[in-house]
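Engineer: Please see the structure below; I have some questions.
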Amino acid sequence: MSSQTSNNTNNKTLFTNARVIDGIADQASSGMSVLVEGERITQLKQGDIAVSDDVKVIDLVGKTLVPGLIDTHIHTVMMDSECFPLFLAAGVTTARDVGGRLDLVLQNKEDLNSGAKLGPRLFVCGPLLDGPGASFESPGFTIMLDRIQSVEAVPGKIGELLSAGVDGIKCYFTMTPEIVRSVINFVDKRVPVTGHLGYCSSMDAIEAGIDGLEHVWISPYNDICALNMRFGNDASMMDPSFWSTTMAGWEEADLEGDRARKWVDAMVEKQVHMGTTLDLLWTAKAGLEGALKDQDRKLIPPAALARQAKMKKHLGDRPDWDIHPGFFETGAGSLALEKHQQITRMLHEAGGRVVGGTDCGALAYPPPGFALLREIELLAEAIGNMDAIRAVTSVAANYLRADKDIGAIAPGRYADFLVLAGDPLNDVTELRTLETTYRGGQAYDPKALIAAAPQHEPEGL
Ligand SMILES: [Zn+2]
């Protein structure tokens with residue numbers, strides 16, 4: 001593999017003179033030495049680390065190290081495996097698949113974690129678990145979906161997933177409160193349970209002991225928006241009016257009010273992780289023109305493009321069809337996005353746990369890896385640069401219950417870190433000055449990974 005350097009013979013590398021943002025501390029530290037042995041960091045200290053002459057030394061003077069980034073919300077079955085290296089190219093060294101057919105996601109996990117395929121470490125949840133109703137009917141999407149149609153069916157389905165070795169359970173939109181509660185009780189904290197909730201209110205799920213919520217703009221919607229703007233228990237995300245209704249509901253939502261405050265308090269008290277997925281509303285900020293000029297568009301997976309092409313009869317034949325899912329007009333929703341950022345800030349400032357996620361794969365845009373850079377940029381506007389970085393490193397690792405292995409530059413953890421030419425504390429977009437990605441001590445050249453990935457020349461570039 002041309003993008004991968006070979007290990008030196010003694011399997012040790014010393015990095016010197018680095019400025020380190022470790023993913024945990026409040027400040028960066030300068031003049032740091034990092035010793036990597038095999039896949040892991042074994043020493044980290046300010047100043048020199050004495051090593052024998054045969055240890056490879058890499059001088060990082062002028063560079064900044066940050067931990068490898070973690071995307072807590074992706075769908076690998078919806079993208080081409082040739083696109084997996086794009087995660088590393090963007091600095092994402094770990095991702096969690098939150099919905100896909102069990103055998104397929106387990107295979108992707110094995111391929112990626114063993115190194116048979118190039119890409120991030122992968123955690124998996126198995127399929128999205130709907131309740132009695134099905135959120136999708138189109139075959140392009142049902143590959144993500146399974147259902148638990150009654151409380152009685154919980155032990156069978158969840159037992160099967162847990163014994164197959166999933167790293168989490170994901171309750172989906174039509175799952176009823178009774179079934180959500182039963183799932184949480186049956187799992188009994190063996191793995192984290194998260195929810196992209198609709199028919200079950202997030203307040204009920206928090207009370208029942210859920211570990212995470214996905215999409216700050218959907219899961220808590222009914223708990224926060226005005227009563228007359230709520231969607232009911234027959235709502236479908238496939239209904240075109242669903243998105244305009246929820247966007248309008250957010251625009252009008254009173255975030256200073258009682259209901260928002262109660263939600264924040266409950267999230268903080270139970271330390272529930274909020275996977276924000278702000279990136280899906282990025283077009284609200286960029287506008288159509290900005291989005292059409294976006295270079296990242298070239299990297300949208302071919303499978304996602306093909307799926308969107310099939311949906312053209314719903315979306316209409318227009319140049320922005322590969323940018324957004326057609327649920328709402330490009331450029332619309334900027335006030336709603338500000339509200340999502342505001343509730344994220346409120347949660348963070350109250351001591352809640354904000355983590356980044358992107359939904360890349362399920363929706364075509366933004367593309368793998370680079371979607372998380374968008375997410376971090378929107379998170380940084382809400383909670384600041386350092387905390388946005390922590391949200392996608394140490395806090396995300398905590399959500400995945402993998403603090404021992406990932407999420408920080410610290411002795412004992414995997415040597416998953418990024419060499420940056422710029423300073424993301426000064427400007428978080430400088431995460432894009434990535435020069436080398438290390439996953440488990442192996443170096444990858446982002447430019448070579450991008451050059452090898454499938455690309456297309458979309459209209460408008
Ligand atoms: Zn998703």
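In the structure tokens, each chain is lettered A, B, ... as it comes, each chain's residues begin at 1, and ligands are numbered from 1 in order of appearance.
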Please identify all polymer residues within 7 Å of Pro301 (chain A), counting only C-alpha atoms, omitting same-chain residues fewer than 2 positions from it, and present them as a PDB file with N, CA, C and O atoms, in the first residue's frame.

Structural biologist:
```
ATOM      1  N   MET A  79     -22.498   2.942   1.834  1.00  0.00           N
ATOM      2  CA  MET A  79     -21.409   3.521   1.037  1.00  0.00           C
ATOM      3  C   MET A  79     -20.521   2.407   0.496  1.00  0.00           C
ATOM      4  O   MET A  79     -20.526   1.290   0.991  1.00  0.00           O
ATOM      5  N   ASP A  80     -19.728   2.741  -0.540  1.00  0.00           N
ATOM      6  CA  ASP A  80     -18.822   1.771  -1.143  1.00  0.00           C
ATOM      7  C   ASP A  80     -17.619   1.574  -0.222  1.00  0.00           C
ATOM      8  O   ASP A  80     -17.107   2.551   0.330  1.00  0.00           O
ATOM      9  N   CYS A  83     -14.637   3.732  -0.355  1.00  0.00           N
ATOM     10  CA  CYS A  83     -14.657   5.064   0.266  1.00  0.00           C
ATOM     11  C   CYS A  83     -14.178   5.040   1.720  1.00  0.00           C
ATOM     12  O   CYS A  83     -13.953   6.097   2.312  1.00  0.00           O
ATOM     13  N   LEU A 299     -16.315  13.767  -3.385  1.00  0.00           N
ATOM     14  CA  LEU A 299     -16.017  12.520  -2.667  1.00  0.00           C
ATOM     15  C   LEU A 299     -17.270  11.802  -2.175  1.00  0.00           C
ATOM     16  O   LEU A 299     -17.184  10.842  -1.427  1.00  0.00           O
ATOM     17  N   ALA A 303     -22.230   4.839  -4.491  1.00  0.00           N
ATOM     18  CA  ALA A 303     -23.491   4.180  -4.115  1.00  0.00           C
ATOM     19  C   ALA A 303     -24.521   5.208  -3.676  1.00  0.00           C
ATOM     20  O   ALA A 303     -25.712   5.095  -3.980  1.00  0.00           O
ATOM     21  N   ALA A 304     -24.066   6.233  -2.967  1.00  0.00           N
ATOM     22  CA  ALA A 304     -24.980   7.279  -2.508  1.00  0.00           C
ATOM     23  C   ALA A 304     -25.498   8.087  -3.694  1.00  0.00           C
ATOM     24  O   ALA A 304     -26.678   8.436  -3.763  1.00  0.00           O
ATOM     25  N   LEU A 305     -24.621   8.350  -4.642  1.00  0.00           N
ATOM     26  CA  LEU A 305     -25.043   9.088  -5.843  1.00  0.00           C
ATOM     27  C   LEU A 305     -26.083   8.298  -6.634  1.00  0.00           C
ATOM     28  O   LEU A 305     -27.071   8.855  -7.108  1.00  0.00           O
ATOM     29  N   PRO A 367     -19.649  13.908   2.543  1.00  0.00           N
ATOM     30  CA  PRO A 367     -19.056  12.581   2.345  1.00  0.00           C
ATOM     31  C   PRO A 367     -18.260  12.051   3.543  1.00  0.00           C
ATOM     32  O   PRO A 367     -17.964  12.802   4.461  1.00  0.00           O
TER      33      PRO A 367
END
```

Engineer: Name each residue within 9 Å of ligand 1, counting only C-alpha atoms and all ligand atoms, as a list of chain:residue names.

Structural biologist: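 The distance check yields A:His73, A:Ile74, A:His75, A:Asp97, A:Val98, A:Gly99, A:Leu128, A:His196, A:Glu214, A:His215, A:Thr277, A:Gly357, A:Thr358, A:Asp359, A:Cys360, A:Gly361, A:Ala362, A:Leu363.
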
Engineer: Of the candidates A:Ala153, A:Val272, A:Val36, A:Ile343, which shows the shortest atom-to-atom distance to Gln442 (chain A), using only C-alpha atoms?

Structural biologist: A:Val36

Engineer: Run DSSP on the backbone and tell me which residues of region 32-136 of chain A come out as helix (DSSP H, G or I); list them as a list in words.

Structural biologist: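 So the helix (DSSP H, G or I) residues in region 32-136 of chain A would be Thr76, Val77, Met78, Ser81, Glu82, Cys83, Pro85, Leu86, Phe87, Leu88, Ala89, Ala90, Leu102, Asp103, Leu104, Val105, Leu106, Gln107, Asn108, Lys109, Glu110, Asp111, Leu112, Asn113 and Ser114 of chain A.
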
Engineer: For Leu278 (chain A), which residue among A:Thr344, A:Thr76, A:Asn113, A:Thr245 is the nearest when counting only C-alpha atoms?

Structural biologist: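 So, comparing all the options, the nearest one is A:Thr344.
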
Engineer: Neighbouring residues of Glu269 (chain A) were defined as those with any atom within 10 Å, considering only C-alpha atoms; residues of the same chain fewer than 3 positions away were excluded. Please report them as a PyMOL selection string.

Structural biologist: chain A and resi 206+263-266+272+350-352

Engineer: Would you kindly return, as a VMD selection string, each protein, DNA or RNA residue with an atom no farther than 8 Å from any atom of Ala226 (chain A), considering only C-alpha atoms and excluding same-chain residues fewer than 6 positions away?

Structural biologist: chain A and resid 249 252 to 254

Engineer: Please determine, counting only C-alpha atoms, which residue among A:Gly212, A:Pro220, A:Gly198, A:Gly441 has the shortest atom-to-atom distance to Ile169 (chain A).

Structural biologist: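 Counting only C-alpha atoms, the residue closest to Ile169 (chain A) is A:Gly212.
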
Engineer: I'd like to know which of A:Val34, A:Ala208, A:Val419, A:Ala410 is closest to Lys56 (chain A), using only C-alpha atoms.

Structural biologist: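 Comparing A:Val34, A:Ala208, A:Val419, A:Ala410 against Lys56 (chain A), the winner is A:Val34.
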
Engineer: So that I can check the surroundings of region 387-394 of chain A, please list as a list in words every protein, DNA and RNA residue that reaches within 6 Å of it, counting only C-alpha atoms and ignoring chain neighbours fewer than 6 positions away.

Structural biologist: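 Counting only the stated atoms, we get Gly23, Leu69, Ile70, Val354, Val355, Gly356, Ile376, Leu379, Ala380, Gly407 and Ala408 of chain A.
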
Engineer: Would you export the selected residues with N, CA, C and O atoms as a PDB file, in the first residue's frame, please?

Structural biologist:
```
ATOM      1  N   GLY A  23      -6.804  15.950  23.836  1.00  0.00           N
ATOM      2  CA  GLY A  23      -8.194  15.480  23.792  1.00  0.00           C
ATOM      3  C   GLY A  23      -8.878  15.540  25.148  1.00  0.00           C
ATOM      4  O   GLY A  23     -10.091  15.362  25.237  1.00  0.00           O
ATOM      5  N   LEU A  69      -9.878  11.469  15.149  1.00  0.00           N
ATOM      6  CA  LEU A  69     -11.260  11.900  15.386  1.00  0.00           C
ATOM      7  C   LEU A  69     -12.202  10.699  15.376  1.00  0.00           C
ATOM      8  O   LEU A  69     -11.917   9.673  14.739  1.00  0.00           O
ATOM      9  N   ILE A  70     -13.321  10.830  16.072  1.00  0.00           N
ATOM     10  CA  ILE A  70     -14.295   9.740  16.197  1.00  0.00           C
ATOM     11  C   ILE A  70     -15.656  10.220  15.711  1.00  0.00           C
ATOM     12  O   ILE A  70     -16.213  11.185  16.246  1.00  0.00           O
ATOM     13  N   VAL A 354     -21.813  16.242  24.935  1.00  0.00           N
ATOM     14  CA  VAL A 354     -22.045  16.448  23.505  1.00  0.00           C
ATOM     15  C   VAL A 354     -21.000  15.657  22.722  1.00  0.00           C
ATOM     16  O   VAL A 354     -19.805  15.734  23.016  1.00  0.00           O
ATOM     17  N   VAL A 355     -21.456  14.862  21.755  1.00  0.00           N
ATOM     18  CA  VAL A 355     -20.533  14.122  20.881  1.00  0.00           C
ATOM     19  C   VAL A 355     -20.903  14.401  19.425  1.00  0.00           C
ATOM     20  O   VAL A 355     -22.060  14.675  19.111  1.00  0.00           O
ATOM     21  N   GLY A 356     -19.924  14.318  18.568  1.00  0.00           N
ATOM     22  CA  GLY A 356     -20.188  14.585  17.156  1.00  0.00           C
ATOM     23  C   GLY A 356     -20.605  13.315  16.435  1.00  0.00           C
ATOM     24  O   GLY A 356     -20.185  12.208  16.768  1.00  0.00           O
ATOM     25  N   ILE A 376     -17.656  19.294  13.184  1.00  0.00           N
ATOM     26  CA  ILE A 376     -16.807  19.959  14.186  1.00  0.00           C
ATOM     27  C   ILE A 376     -16.887  21.477  14.011  1.00  0.00           C
ATOM     28  O   ILE A 376     -16.930  22.230  14.990  1.00  0.00           O
ATOM     29  N   LEU A 379     -20.122  22.529  15.467  1.00  0.00           N
ATOM     30  CA  LEU A 379     -20.050  22.363  16.924  1.00  0.00           C
ATOM     31  C   LEU A 379     -19.213  23.472  17.558  1.00  0.00           C
ATOM     32  O   LEU A 379     -19.557  24.001  18.617  1.00  0.00           O
ATOM     33  N   ALA A 380     -18.104  23.818  16.875  1.00  0.00           N
ATOM     34  CA  ALA A 380     -17.203  24.839  17.423  1.00  0.00           C
ATOM     35  C   ALA A 380     -17.916  26.180  17.551  1.00  0.00           C
ATOM     36  O   ALA A 380     -17.675  26.934  18.498  1.00  0.00           O
ATOM     37  N   GLY A 407      -9.355   8.102  21.786  1.00  0.00           N
ATOM     38  CA  GLY A 407      -9.966   9.358  22.240  1.00  0.00           C
ATOM     39  C   GLY A 407      -9.017  10.346  22.868  1.00  0.00           C
ATOM     40  O   GLY A 407      -9.416  11.463  23.184  1.00  0.00           O
ATOM     41  N   ALA A 408      -7.749   9.955  23.074  1.00  0.00           N
ATOM     42  CA  ALA A 408      -6.791  10.885  23.673  1.00  0.00           C
ATOM     43  C   ALA A 408      -5.378  10.485  23.281  1.00  0.00           C
ATOM     44  O   ALA A 408      -5.129   9.330  22.937  1.00  0.00           O
TER      45      ALA A 408
END
```

Engineer: For Ser29 (chain A), find every residue with an atom within 8 Å (counting only C-alpha atoms), except residues of its own chain fewer than 3 positions away, and show them as a list in words.

Structural biologist: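 My reading of the contact set: Arg19, Val20, Ile21, Met32 and Gln46 of chain A.
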
Engineer: Output N, CA and C atoms of each residue in that selection to a file, as a JSON list (two decimals), in the first residue's frame.

Structural biologist:
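Done, and the output landed in part30.json:
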```json
[["chain", "number", "residue", "atom", "x", "y", "z"],
["A", 19, "ARG", "N", 3.55, 20.05, 19.52],
["A", 19, "ARG", "CA", 2.55, 20.74, 20.33],
["A", 19, "ARG", "C", 1.36, 19.78, 20.38],
["A", 20, "VAL", "N", 0.93, 19.42, 21.58],
["A", 20, "VAL", "CA", -0.07, 18.36, 21.72],
["A", 20, "VAL", "C", -1.38, 18.88, 22.30],
["A", 21, "ILE", "N", -2.45, 18.68, 21.57],
["A", 21, "ILE", "CA", -3.81, 18.84, 22.10],
["A", 21, "ILE", "C", -4.24, 17.40, 22.40],
["A", 32, "MET", "N", 6.51, 18.63, 23.36],
["A", 32, "MET", "CA", 6.20, 17.28, 23.86],
["A", 32, "MET", "C", 6.90, 16.20, 23.04],
["A", 46, "GLN", "N", 6.87, 16.23, 28.45],
["A", 46, "GLN", "CA", 7.47, 17.45, 27.96],
["A", 46, "GLN", "C", 8.98, 17.28, 27.98]]
```
